[in-house]
>>> print(open('work_37.txt').read())   # compact mmCIF, C-alpha atoms and all ligand atoms
# COMPACT_ATOMS: atom_id res chain seq x y z
CA MET A 1000 69.10 42.50 94.89
CA LEU A 1001 65.30 42.06 94.87
CA SER A 1002 63.18 44.94 95.92
CA ARG A 1003 60.99 43.37 98.59
CA SER A 1004 59.56 40.40 100.50
CA LYS A 1005 55.85 39.90 101.23
CA ILE A 1006 53.47 37.75 103.24
CA LEU A 1007 52.11 34.92 101.08
CA GLY A 1008 50.09 33.15 103.77
CA HIS A 1009 49.35 33.05 107.49
CA GLY A 1010 48.05 30.65 110.13
CA TYR A 1011 47.71 30.13 113.85
CA PHE A 1012 46.97 27.49 116.41
CA LEU A 1013 45.72 27.75 119.98
CA PRO A 1014 45.59 24.83 122.41
CA SER A 1015 42.00 23.78 123.14
CA LYS A 1016 42.24 24.18 126.92
CA ILE A 1017 41.15 27.66 128.08
CA LEU A 1018 41.99 29.00 131.53
CA LYS A 1019 39.70 31.91 132.42
CA ASN A 1020 40.54 34.46 135.10
CA GLU A 1021 37.85 32.90 137.29
CA ASP A 1022 39.55 29.48 136.96
CA LEU A 1023 42.77 30.94 138.42
CA LEU A 1024 41.02 31.83 141.68
CA ALA A 1025 41.17 28.17 142.72
CA PHE A 1026 44.97 28.32 143.11
CA VAL A 1027 46.11 31.99 142.83
CA ASP A 1028 45.39 34.84 145.29
CA THR A 1029 43.93 37.17 142.65
CA SER A 1030 40.66 38.40 141.15
CA ASP A 1031 39.14 38.76 137.69
CA GLU A 1032 38.72 42.45 138.46
CA TRP A 1033 42.46 42.97 139.24
CA ILE A 1034 43.62 41.04 136.18
CA PHE A 1035 41.18 42.68 133.78
CA THR A 1036 41.59 46.28 134.95
CA ARG A 1037 45.43 46.03 135.16
CA THR A 1038 46.01 44.03 131.97
CA GLY A 1039 42.86 43.64 129.84
CA ILE A 1040 43.24 39.86 130.02
CA LYS A 1041 40.14 37.67 130.48
CA GLN A 1042 41.51 34.26 129.54
CA ARG A 1043 44.50 32.39 128.13
CA HIS A 1044 44.96 29.12 126.23
CA ILE A 1045 47.11 26.55 128.02
CA VAL A 1046 48.75 23.39 126.67
CA LEU A 1047 48.29 19.96 128.22
CA LYS A 1048 51.31 18.35 129.89
CA ASP A 1049 52.36 16.39 126.82
CA GLU A 1050 51.66 19.18 124.28
CA LEU A 1051 54.91 20.74 123.04
CA THR A 1052 55.88 24.06 121.44
CA SER A 1053 56.70 22.10 118.26
CA ASP A 1054 53.15 20.67 118.20
CA LEU A 1055 51.64 24.18 118.21
CA ALA A 1056 54.20 25.37 115.65
CA VAL A 1057 53.44 22.50 113.27
CA MET A 1058 49.68 23.17 113.38
CA ALA A 1059 50.14 26.91 112.78
CA SER A 1060 52.57 26.17 109.92
CA LYS A 1061 50.15 23.76 108.24
CA ASN A 1062 47.48 26.46 108.37
CA ALA A 1063 49.92 29.02 106.90
CA LEU A 1064 50.91 26.66 104.07
CA LYS A 1065 47.23 26.06 103.30
CA SER A 1066 46.46 29.78 103.28
CA ALA A 1067 49.40 30.42 100.89
CA ASN A 1068 48.34 27.45 98.73
CA LEU A 1069 51.85 26.03 99.08
CA LYS A 1070 53.29 22.61 99.87
CA SER A 1071 56.09 21.67 102.27
CA GLU A 1072 58.54 21.27 99.38
CA ASP A 1073 58.01 24.92 98.36
CA ILE A 1074 59.62 26.20 101.60
CA ASP A 1075 63.37 26.77 101.56
CA CYS A 1076 64.02 28.03 105.12
CA ILE A 1077 62.36 27.83 108.55
CA ILE A 1078 62.84 30.42 111.30
CA LEU A 1079 61.13 29.71 114.60
CA ALA A 1080 60.99 32.34 117.34
CA THR A 1081 60.51 30.90 120.80
CA THR A 1082 61.51 31.26 124.44
CA THR A 1083 60.13 27.82 125.27
CA PRO A 1084 61.91 25.37 122.93
CA ASP A 1085 61.05 21.67 123.30
CA GLU A 1086 64.63 20.90 124.34
CA THR A 1087 67.87 22.78 125.06
CA PHE A 1088 69.03 21.38 121.72
CA PRO A 1089 68.49 20.71 118.87
CA SER A 1090 66.40 23.65 117.75
CA THR A 1091 62.62 23.31 117.78
CA ALA A 1092 62.72 24.50 114.15
CA THR A 1093 64.42 21.25 113.12
CA LYS A 1094 61.72 19.22 114.87
CA VAL A 1095 59.04 21.22 113.05
CA GLN A 1096 60.95 20.72 109.79
CA THR A 1097 60.83 16.92 110.16
CA GLN A 1098 57.17 16.89 111.13
CA LEU A 1099 56.33 18.98 108.06
CA GLY A 1100 58.35 16.63 105.83
CA MET A 1101 60.87 19.31 104.84
CA LYS A 1102 64.47 18.22 104.22
CA ASN A 1103 67.84 19.79 103.47
CA ILE A 1104 66.86 23.38 104.08
CA PRO A 1105 68.11 25.66 106.89
CA ALA A 1106 65.94 25.58 110.01
CA PHE A 1107 66.84 27.47 113.17
CA ASP A 1108 65.43 29.07 116.31
CA ILE A 1109 65.61 32.74 117.23
CA GLN A 1110 65.74 33.73 120.89
CA ALA A 1111 64.67 37.34 121.34
CA VAL A 1112 61.81 36.58 123.76
CA CYS A 1113 58.70 38.67 122.92
CA SER A 1114 60.52 40.44 120.06
CA GLY A 1115 61.43 37.12 118.40
CA PHE A 1116 58.88 37.39 115.61
CA ILE A 1117 60.07 40.88 114.58
CA TYR A 1118 63.70 39.69 114.72
CA SER A 1119 62.76 36.72 112.52
CA LEU A 1120 60.97 39.00 110.05
CA GLN A 1121 64.05 41.16 109.54
CA ILE A 1122 66.28 38.12 109.06
CA ALA A 1123 63.83 36.48 106.63
CA ASP A 1124 63.33 39.75 104.71
CA SER A 1125 67.13 40.10 104.37
CA LEU A 1126 67.57 36.48 103.20
CA ILE A 1127 64.91 36.97 100.53
CA LYS A 1128 66.34 40.30 99.38
CA CYS A 1129 69.77 38.67 99.04
CA ASN A 1130 68.24 35.79 97.06
CA LYS A 1131 69.36 33.21 99.66
CA ALA A 1132 65.77 31.99 100.03
CA LYS A 1133 62.51 32.34 98.12
CA LYS A 1134 59.84 31.21 100.56
CA ILE A 1135 60.53 31.29 104.30
CA LEU A 1136 58.27 29.84 106.99
CA ILE A 1137 58.41 32.14 110.03
CA ILE A 1138 56.82 30.87 113.23
CA GLY A 1139 56.30 32.35 116.69
CA ALA A 1140 55.39 29.52 119.08
CA GLU A 1141 55.31 29.36 122.86
CA THR A 1142 54.29 27.17 125.79
CA LEU A 1143 54.95 29.82 128.45
CA SER A 1144 52.63 28.09 130.92
CA LYS A 1145 55.48 25.59 131.40
CA ILE A 1146 57.96 28.22 132.64
CA VAL A 1147 55.54 30.34 134.65
CA ASP A 1148 55.89 30.22 138.44
CA TRP A 1149 52.29 29.42 139.35
CA SER A 1150 52.97 30.57 142.94
CA ASP A 1151 53.90 34.11 141.75
CA ARG A 1152 50.66 36.03 141.17
CA ARG A 1153 52.56 39.02 139.73
CA THR A 1154 53.49 36.99 136.63
CA CYS A 1155 51.44 33.80 136.37
CA VAL A 1156 48.19 35.57 135.42
CA LEU A 1157 49.84 37.32 132.45
CA PHE A 1158 50.94 34.57 130.07
CA GLY A 1159 49.38 32.10 127.63
CA ASP A 1160 50.32 29.51 125.01
CA GLY A 1161 49.86 29.55 121.23
CA ALA A 1162 51.51 29.80 117.84
CA GLY A 1163 51.27 31.96 114.74
CA ALA A 1164 53.05 31.55 111.41
CA ILE A 1165 53.50 33.36 108.14
CA ILE A 1166 55.18 32.52 104.86
CA LEU A 1167 57.37 35.28 103.52
CA GLY A 1168 58.13 35.20 99.80
CA GLN A 1169 59.36 37.40 96.98
CA SER A 1170 57.32 40.40 95.94
CA ASP A 1171 57.54 42.05 92.56
CA GLY A 1172 54.95 44.68 93.36
CA LYS A 1173 54.64 47.54 95.81
CA SER A 1174 53.33 45.46 98.72
CA GLY A 1175 55.51 43.71 101.27
CA VAL A 1176 57.93 44.52 104.08
CA LEU A 1177 58.78 48.23 103.83
CA SER A 1178 61.12 48.58 106.81
CA THR A 1179 62.29 46.80 109.95
CA LYS A 1180 64.18 48.12 113.00
CA LEU A 1181 65.75 45.99 115.76
CA PHE A 1182 67.28 46.98 119.10
CA SER A 1183 68.53 45.44 122.33
CA ASP A 1184 69.98 46.62 125.63
CA GLY A 1185 71.30 43.87 127.87
CA SER A 1186 71.64 46.15 130.88
CA TRP A 1187 67.91 45.52 131.55
CA HIS A 1188 68.54 41.81 132.19
CA ASP A 1189 67.35 41.82 135.80
CA SER A 1190 63.96 43.33 134.93
CA LEU A 1191 62.81 40.28 132.96
CA PHE A 1192 64.58 36.93 132.85
CA SER A 1193 64.38 33.20 133.53
CA ASP A 1194 66.19 32.16 136.71
CA GLY A 1195 67.47 28.99 135.07
CA GLY A 1196 69.59 27.94 132.11
CA PRO A 1197 71.83 25.10 130.89
CA SER A 1198 75.06 26.92 131.66
CA LYS A 1199 73.91 28.81 134.76
CA ASN A 1200 72.29 26.11 136.89
CA GLN A 1201 71.22 23.28 134.57
CA THR A 1202 67.52 24.00 135.01
CA VAL A 1203 64.92 25.60 132.76
CA GLY A 1204 64.02 28.25 135.34
CA LYS A 1205 60.88 30.33 135.81
CA ILE A 1206 59.87 33.79 134.57
CA ARG A 1207 60.99 36.63 136.86
CA MET A 1208 59.82 40.17 136.08
CA ASN A 1209 59.77 43.66 137.49
CA GLY A 1210 56.51 44.63 135.77
CA GLN A 1211 56.73 48.37 136.38
CA ASP A 1212 60.25 48.62 134.88
CA ILE A 1213 59.06 46.88 131.75
CA PHE A 1214 55.83 48.86 131.53
CA LYS A 1215 57.65 52.21 131.50
CA GLN A 1216 60.24 51.05 128.97
CA ALA A 1217 57.62 49.42 126.75
CA VAL A 1218 55.58 52.52 125.96
CA ASN A 1219 58.62 54.64 125.09
CA LYS A 1220 60.59 52.04 123.19
CA LEU A 1221 57.63 50.71 121.18
CA SER A 1222 56.57 54.17 120.09
CA GLU A 1223 60.12 55.27 119.24
CA ALA A 1224 60.81 52.09 117.26
CA THR A 1225 57.56 52.51 115.31
CA LEU A 1226 58.46 56.10 114.40
CA GLU A 1227 61.95 55.02 113.27
CA ALA A 1228 60.54 52.27 111.04
CA LEU A 1229 58.03 54.74 109.54
CA SER A 1230 60.78 57.25 108.88
CA GLU A 1231 62.93 54.61 107.17
CA CYS A 1232 60.22 53.98 104.57
CA ASN A 1233 59.12 57.62 104.33
CA LEU A 1234 55.64 57.05 105.75
CA ASN A 1235 53.68 58.86 108.47
CA ILE A 1236 51.39 57.80 111.30
CA ASP A 1237 48.40 58.64 109.07
CA ASP A 1238 49.53 56.07 106.50
CA ILE A 1239 49.03 53.23 109.01
CA ASN A 1240 45.79 51.28 108.57
CA TRP A 1241 46.46 48.88 111.46
CA PHE A 1242 48.76 49.10 114.49
CA ILE A 1243 49.68 45.64 115.86
CA PRO A 1244 51.78 46.01 119.01
CA HIS A 1245 53.01 43.11 121.17
CA GLN A 1246 50.04 41.83 123.14
CA ALA A 1247 51.26 42.01 126.76
CA ASN A 1248 48.92 44.42 128.48
CA GLN A 1249 45.98 46.50 127.20
CA ARG A 1250 47.28 49.51 129.15
CA ILE A 1251 50.63 49.30 127.30
CA ILE A 1252 48.84 48.84 123.97
CA SER A 1253 46.55 51.86 124.55
CA SER A 1254 49.28 54.10 126.01
CA THR A 1255 51.62 53.36 123.09
CA ALA A 1256 48.89 53.98 120.52
CA LYS A 1257 47.95 57.22 122.28
CA LYS A 1258 51.57 58.38 122.37
CA LEU A 1259 51.81 57.76 118.63
CA GLY A 1260 48.47 59.45 117.93
CA ILE A 1261 46.87 56.25 116.61
CA ASN A 1262 43.24 55.79 117.56
CA ASP A 1263 41.83 52.65 119.16
CA GLN A 1264 39.83 51.79 116.03
CA LYS A 1265 43.12 51.23 114.17
CA THR A 1266 44.76 49.23 116.96
CA ILE A 1267 44.56 45.44 117.02
CA SER A 1268 44.12 43.93 120.47
CA THR A 1269 43.83 40.21 121.19
CA VAL A 1270 45.31 40.29 124.70
CA ARG A 1271 41.84 39.81 126.21
CA LEU A 1272 41.58 36.33 124.69
CA HIS A 1273 45.20 35.18 124.29
CA ALA A 1274 47.05 36.96 127.18
CA ASN A 1275 50.80 37.45 126.57
CA THR A 1276 52.07 34.70 124.25
CA SER A 1277 55.55 36.25 123.82
CA ALA A 1278 56.96 35.51 120.33
CA ALA A 1279 53.58 34.17 119.20
CA SER A 1280 51.63 37.30 120.09
CA ILE A 1281 52.09 39.34 116.90
CA PRO A 1282 51.61 36.50 114.37
CA LEU A 1283 48.57 35.34 116.38
CA ALA A 1284 47.08 38.85 116.36
CA LEU A 1285 47.92 39.24 112.66
CA SER A 1286 46.56 35.90 111.52
CA THR A 1287 43.34 36.04 113.55
CA SER A 1288 42.70 39.61 112.31
CA ILE A 1289 43.18 38.65 108.65
CA GLU A 1290 40.99 35.59 109.17
CA ASN A 1291 38.11 37.63 110.59
CA ASN A 1292 38.43 40.18 107.77
CA THR A 1293 39.55 43.07 109.97
CA ILE A 1294 42.88 43.39 108.13
CA LYS A 1295 42.66 43.33 104.34
CA ASN A 1296 44.97 43.19 101.34
CA ASN A 1297 46.90 46.42 100.69
CA ASP A 1298 46.49 47.60 104.30
CA VAL A 1299 49.62 49.19 105.78
CA LEU A 1300 50.53 47.55 109.09
CA ALA A 1301 52.83 48.75 111.86
CA LEU A 1302 54.10 45.92 114.07
CA CYS A 1303 56.20 46.44 117.20
CA ALA A 1304 57.32 44.28 120.11
CA ILE A 1305 59.41 44.40 123.28
CA GLY A 1306 60.62 41.64 125.54
CA GLY A 1307 63.34 40.26 127.80
CA GLY A 1308 66.85 41.43 127.09
CA LEU A 1309 65.59 44.02 126.67
CA THR A 1310 65.00 43.42 122.99
CA TRP A 1311 62.62 45.46 120.89
CA GLY A 1312 61.80 46.22 117.29
CA SER A 1313 59.29 47.28 114.69
CA CYS A 1314 58.20 46.57 111.13
CA ILE A 1315 56.11 48.47 108.58
CA LEU A 1316 54.58 46.34 105.86
CA LYS A 1317 51.92 46.52 103.19
CA LEU A 1318 49.82 43.37 103.05
O1 LIG A 1401 56.10 40.49 127.37
C1 LIG A 1401 57.09 41.06 128.13
C2 LIG A 1401 56.72 42.37 128.55
N1 LIG A 1401 56.04 42.35 129.80
C3 LIG A 1401 55.18 43.30 130.05
O2 LIG A 1401 54.90 44.07 129.18
C4 LIG A 1401 54.61 43.45 131.45
C5 LIG A 1401 54.67 44.90 131.82
N2 LIG A 1401 54.12 45.19 133.12
C6 LIG A 1401 52.80 45.13 133.37
O3 LIG A 1401 52.00 44.80 132.51
C7 LIG A 1401 52.31 45.55 134.74
O4 LIG A 1401 53.37 46.15 135.46
C8 LIG A 1401 51.72 44.38 135.58
C9 LIG A 1401 50.40 43.93 134.95
C10 LIG A 1401 52.70 43.20 135.58
C11 LIG A 1401 51.46 44.80 137.01
O5 LIG A 1401 50.60 45.93 137.02
P1 LIG A 1401 50.94 47.16 137.97
O6 LIG A 1401 49.83 48.12 137.81
O7 LIG A 1401 52.33 47.62 137.61
O8 LIG A 1401 50.86 46.52 139.40
P2 LIG A 1401 51.99 46.44 140.54
O9 LIG A 1401 53.05 45.48 140.15
O10 LIG A 1401 52.38 47.83 140.91
O11 LIG A 1401 51.18 45.83 141.74
C12 LIG A 1401 50.13 46.57 142.37
C13 LIG A 1401 49.55 45.73 143.48
C14 LIG A 1401 50.58 45.13 144.44
O12 LIG A 1401 50.04 45.18 145.73
P3 LIG A 1401 50.53 46.30 146.79
O13 LIG A 1401 52.01 46.11 146.91
O14 LIG A 1401 50.16 47.62 146.16
O15 LIG A 1401 49.77 45.97 148.00
C15 LIG A 1401 50.69 43.71 144.00
O16 LIG A 1401 51.04 42.83 145.06
O17 LIG A 1401 48.84 44.61 142.92
C16 LIG A 1401 49.28 43.41 143.56
N3 LIG A 1401 49.19 42.31 142.61
C17 LIG A 1401 48.11 41.55 142.41
N4 LIG A 1401 46.88 41.58 143.03
C18 LIG A 1401 45.98 40.66 142.61
C19 LIG A 1401 50.15 41.91 141.74
N5 LIG A 1401 49.69 40.89 140.98
C20 LIG A 1401 48.42 40.65 141.41
C21 LIG A 1401 47.44 39.72 141.01
N6 LIG A 1401 46.23 39.78 141.62
N7 LIG A 1401 47.63 38.83 140.03
>>> encode(input="work_37.txt", output="structure tokens")
Amino acid sequence: MLSRSKILGHGYFLPSKILKNEDLLAFVDTSDEWIFTRTGIKQRHIVLKDELTSDLAVMASKNALKSANLKSEDIDCIILATTTPDETFPSTATKVQTQLGMKNIPAFDIQAVCSGFIYSLQIADSLIKCNKAKKILIIGAETLSKIVDWSDRRTCVLFGDGAGAIILGQSDGKSGVLSTKLFSDGSWHDSLFSDGGPSKNQTVGKIRMNGQDIFKQAVNKLSEATLEALSECNLNIDDINWFIPHQANQRIISSTAKKLGINDQKTISTVRLHANTSAASIPLALSTSIENNTIKNNDVLALCAIGGGLTWGSCILKL
């Protein structure tokens, strides 16, 4: 059994179309002031009608391969976290695989909504530790604008589209994934779900959410999961250089950081520019923050996410 897996490269892709809060006023009964003070969001990227989740995923993956200085043939597994797959089946991961020219390797989707990237990280880390794979492409990619109910102002202002990707490989040093924790509790189904599905009513459905339920759960569960992951690798809050929580709402981000005793200067926030991109939110925040030199090699990162299910989880890693 190998000791550890580590991030070899990262990338992201955002659709070029930007929808600012002001642009929403034309068709939603809302205000920039309400959206910004309640969520911290100023804008979101939105795909065009014929832009697919796989298109965003492929672009983010190409950027991750470039950053890792690797070629398609170096990758031996693809895990794609998404709530907005191109089709009911086959998996979007297999479409990405073909577009990247990768053959005869496992490629599959993970459905854990906003926690999908953390779920994928634990699976990839385990595969690498068991020597089942050497270099895994992990992608979080979403086109949530396609399942938002644009007539529901309580949800439609919150979400955006985008993709982030990393390549996880073997580490022989002290850096890499130090611990991961995953949880779910299906009894929260009615607080956040899509009202459609292939088996239920043969539609895709739209996002339905009781925001206050999720808000209260988020702060507690994200902070508890972060503490459990720290404890598993024998680290403390003070060891964290950067806290990267799921980017759903600035108030959730700040309240969780405060509860953990992490100051704002150590907390990454991209929700202002990206809104909530579900499974893409953490890899987007991670990749953009490495690109702009905020996060550096050897930094200790604490990642945590929560989403529909409820599902939630956390990861401590040294870059
Ligand atoms: O990624 C999955 C995880 N999801 C989340 O983390 C979301 C968690 N929840 C939240 O972020 C917040 O609960 C929201 C941002 C969704 C809502 O914020 P809130 O402070 O909980 O507002 P609220 O739902 O209590 O609504 C307050 C008021 C209501 O009006 P009344 O009933 O007080 O008259 C809403 O109708 O704000 C109204 N409202 C809006 N007003 C203008 C709701 N949405 C809007 C809107 N623009 N877009």
>>> closest_residue(input="work_37.txt", among="A:Pro1197, A:Gly1204, A:Gly1039, A:Gly1100", to="ligand LIG 1401 (chain A)", atoms="all atoms listed in the file")
A:Gly1039
>>> residues_near_ligand(input="work_37.txt", ligand="ligand LIG 1401 (chain A)", cutoff="9 Å", atoms="all atoms listed in the file", output="VMD selection string")
chain A and resid 1027 to 1034 1036 to 1038 1112 to 1114 1151 to 1158 1191 1208 to 1217 1245 to 1251 1275 to 1278 1304 to 1307
>>> closest_residue(input="work_37.txt", among="A:Ser1004, A:Ser1071, A:Ser1066, A:Asn1297", to="Ala1164 (chain A)", atoms="only C-alpha atoms")
A:Ser1066
>>> residues_around(input="work_37.txt", residues="His1188 (chain A)", least_positions_apart="3", cutoff="9 Å", atoms="only C-alpha atoms", output="PyMOL selection string")
chain A and resi 1184-1185+1191-1192+1307-1309
>>> residues_near_point(input="work_37.txt", point="(41.6, 33.5, 126.8)", cutoff="12 Å", atoms="only C-alpha atoms", output="number ranges by chain")
A: 1013-1023, 1035, 1039-1045, 1156-1161, 1269-1276
>>> atom_distance(input="work_37.txt", atom1="CA of Ile1135 (chain A)", atom2="CA of Gly1115 (chain A)")
15.3 Å
>>> atom_distance(input="work_37.txt", atom1="CA of Thr1202 (chain A)", atom2="CA of Ala1056 (chain A)")
23.5 Å
>>> axis_aligned_box(input="work_37.txt", around="region 1112-1122 of chain A", padding_each_side="6 Å", output="JSON")
{"center_x": 62.5, "center_y": 38.9, "center_z": 116.4, "size_x": 19.6, "size_y": 16.6, "size_z": 26.7}
